[in-house]
Amino acid sequence: MVDDSSLRAVGWTRSLPMSCGVKAARDWTRGHLETLGWSRSAPETVEAVLLTVSELVTNAHVHAHSTAQLVLTWDSECLHVTVHDSSARLPQPRNPDGDALGGRGMLLVDALADEWQSHPCRNGKDVTACFRPPDAAPPGPPDEAA
């Protein structure tokens, strides 16, 4: 018998220079989510992914003053949205002043994504948020008989 336990995934990548608006990142991402059928099957997840892409690409442009390398990877369970930038400074959710116009990006990502993480790389950092559409949610605990 052949062991076919290798991970199967599909992915896309795009470089978004600072001169490229965040709308381009959202439009590009929306197109790939449509190929997965999520616009029909998981529209709430699509909106969460698009808002997260906006926040992560904006962070790369504004805080890292860097081109954003956007990578989407679907492994049949989770969509991994990764943005790489050239700053080694890791993002931290913070409690912004109530009157502040910014400072809520990572709080939004934390609320929208099923999970997220950041880690330093040789030439900057990667921030990855994972999204599971409702039909790909991991199984919960078994129901107990009452």
# chains A, B, ... in the order shown; residues from 1 in each chain; ligands from 1
call {"tool": "select_by_dssp", "arguments": {"residues": "chain A", "states": "helix (DSSP H, G or I)", "output": "NGL selection string"}}
result
:A and (22-35 or 38-41 or 43-62 or 105-112 or 134-136)
call {"tool": "select_by_dssp", "arguments": {"residues": "chain A", "states": "strand (DSSP E)", "output": "ChimeraX atom specification"}}
result
/A:10-16,68-74,79-85,115-121,124-131
call {"tool": "residues_around", "arguments": {"residues": "A:Met106", "least_positions_apart": "2", "cutoff": "7 Å", "atoms": "only C-alpha atoms", "output": "tab-separated table (two decimals) with C-alpha atoms, in the first residue's frame"}}
result
chain	number	residue	atom	x	y	z
A	92	GLN	CA	1.75	43.63	19.06
A	93	PRO	CA	-1.96	44.17	19.67
A	104	ARG	CA	-6.48	48.76	16.11
A	108	LEU	CA	-8.98	43.34	14.36
A	109	VAL	CA	-6.79	40.54	13.01
A	110	ASP	CA	-6.97	38.83	16.41
call {"tool": "closest_residue", "arguments": {"among": "A:Ala9, A:Leu79, A:Val22, A:Cys121", "to": "A:Val49", "atoms": "only C-alpha atoms"}}
result
A:Leu79
call {"tool": "atom_distance", "arguments": {"atom1": "atom CA of A:Thr82", "atom2": "atom CA of A:Asp126"}}
result
6.4 Å
call {"tool": "residues_around", "arguments": {"residues": "A:Gly31", "least_positions_apart": "5", "cutoff": "12 Å", "atoms": "only C-alpha atoms", "output": "PDB file with N, CA and C atoms, in the first residue's frame"}}
result
ATOM      1  N   TRP A  12      -0.801  31.094  -3.776  1.00  0.00           N
ATOM      2  CA  TRP A  12      -0.597  32.224  -4.674  1.00  0.00           C
ATOM      3  C   TRP A  12       0.254  33.252  -3.947  1.00  0.00           C
ATOM      4  N   ALA A  24      -5.699  46.968  -4.273  1.00  0.00           N
ATOM      5  CA  ALA A  24      -5.159  45.965  -5.191  1.00  0.00           C
ATOM      6  C   ALA A  24      -4.966  44.629  -4.470  1.00  0.00           C
ATOM      7  N   ALA A  25      -4.523  44.677  -3.229  1.00  0.00           N
ATOM      8  CA  ALA A  25      -4.339  43.453  -2.440  1.00  0.00           C
ATOM      9  C   ALA A  25      -5.682  42.782  -2.176  1.00  0.00           C
ATOM     10  N   ARG A  26      -6.690  43.575  -1.813  1.00  0.00           N
ATOM     11  CA  ARG A  26      -8.027  43.016  -1.556  1.00  0.00           C
ATOM     12  C   ARG A  26      -8.625  42.417  -2.829  1.00  0.00           C
ATOM     13  N   LEU A  36     -11.925  29.394  -4.963  1.00  0.00           N
ATOM     14  CA  LEU A  36     -12.180  28.369  -3.950  1.00  0.00           C
ATOM     15  C   LEU A  36     -13.672  28.200  -3.681  1.00  0.00           C
ATOM     16  N   GLY A  37     -14.495  29.077  -4.262  1.00  0.00           N
ATOM     17  CA  GLY A  37     -15.940  29.003  -4.060  1.00  0.00           C
ATOM     18  C   GLY A  37     -16.411  29.638  -2.761  1.00  0.00           C
ATOM     19  N   TRP A  38     -15.548  30.376  -2.097  1.00  0.00           N
ATOM     20  CA  TRP A  38     -15.903  30.927  -0.792  1.00  0.00           C
ATOM     21  C   TRP A  38     -16.902  32.077  -0.874  1.00  0.00           C
ATOM     22  N   SER A  39     -16.973  32.773  -1.995  1.00  0.00           N
ATOM     23  CA  SER A  39     -17.918  33.887  -2.113  1.00  0.00           C
ATOM     24  C   SER A  39     -19.343  33.402  -1.896  1.00  0.00           C
ATOM     25  N   VAL A  46     -14.876  35.354   3.795  1.00  0.00           N
ATOM     26  CA  VAL A  46     -14.274  36.186   2.755  1.00  0.00           C
ATOM     27  C   VAL A  46     -14.071  37.602   3.279  1.00  0.00           C
ATOM     28  N   LEU A  50     -10.500  39.529   3.746  1.00  0.00           N
ATOM     29  CA  LEU A  50     -10.208  40.781   3.041  1.00  0.00           C
ATOM     30  C   LEU A  50      -9.831  41.898   4.001  1.00  0.00           C
ATOM     31  N   LEU A  72      -1.010  33.559  -0.129  1.00  0.00           N
ATOM     32  CA  LEU A  72      -2.210  32.836   0.281  1.00  0.00           C
ATOM     33  C   LEU A  72      -1.953  31.356   0.057  1.00  0.00           C
TER      34      LEU A  72
END
call {"tool": "residues_around", "arguments": {"residues": "A:Arg122", "least_positions_apart": "2", "cutoff": "10 Å", "atoms": "only C-alpha atoms", "output": "PyMOL selection string"}}
result
chain A and resi 86+88+120+124-125
call {"tool": "write_last_selection", "arguments": {"atoms": "N, CA and C atoms", "output": "mmCIF file, in the first residue's frame"}}
result
data_model
loop_
_atom_site.group_PDB
_atom_site.id
_atom_site.type_symbol
_atom_site.label_atom_id
_atom_site.label_comp_id
_atom_site.auth_asym_id
_atom_site.auth_seq_id
_atom_site.Cartn_x
_atom_site.Cartn_y
_atom_site.Cartn_z
ATOM 1 N N SER A 86 9.965 43.952 5.444
ATOM 2 C CA SER A 86 11.398 44.013 5.728
ATOM 3 C C SER A 86 11.745 44.457 7.148
ATOM 4 N N ALA A 88 12.052 43.799 11.173
ATOM 5 C CA ALA A 88 12.132 42.687 12.124
ATOM 6 C C ALA A 88 11.228 42.920 13.333
ATOM 7 N N PRO A 120 10.097 36.376 13.242
ATOM 8 C CA PRO A 120 11.163 37.030 12.486
ATOM 9 C C PRO A 120 11.731 36.090 11.432
ATOM 10 N N GLY A 124 13.422 40.271 7.689
ATOM 11 C CA GLY A 124 12.214 40.934 8.147
ATOM 12 C C GLY A 124 11.373 40.020 9.000
ATOM 13 N N LYS A 125 10.078 39.990 8.699
ATOM 14 C CA LYS A 125 9.172 39.144 9.466
ATOM 15 C C LYS A 125 8.032 38.659 8.579
#
call {"tool": "closest_residue", "arguments": {"among": "A:Asp114, A:Asp85, A:Glu34, A:Asp75", "to": "A:Thr52", "atoms": "only C-alpha atoms"}}
result
A:Asp114
call {"tool": "closest_residue", "arguments": {"among": "A:Leu51, A:Ala42, A:Val10, A:Cys78", "to": "A:Asp27", "atoms": "only C-alpha atoms"}}
result
A:Leu51
call {"tool": "closest_residue", "arguments": {"among": "A:Val71, A:Cys130, A:Leu56, A:Ala113", "to": "A:Thr29", "atoms": "only C-alpha atoms"}}
result
A:Val71
call {"tool": "atom_distance", "arguments": {"atom1": "atom CA of A:Ala68", "atom2": "atom CA of A:Trp28"}}
result
13.4 Å
call {"tool": "closest_residue", "arguments": {"among": "A:Arg8, A:Arg132, A:Arg14, A:His119", "to": "A:Ser87", "atoms": "only C-alpha atoms"}}
result
A:His119
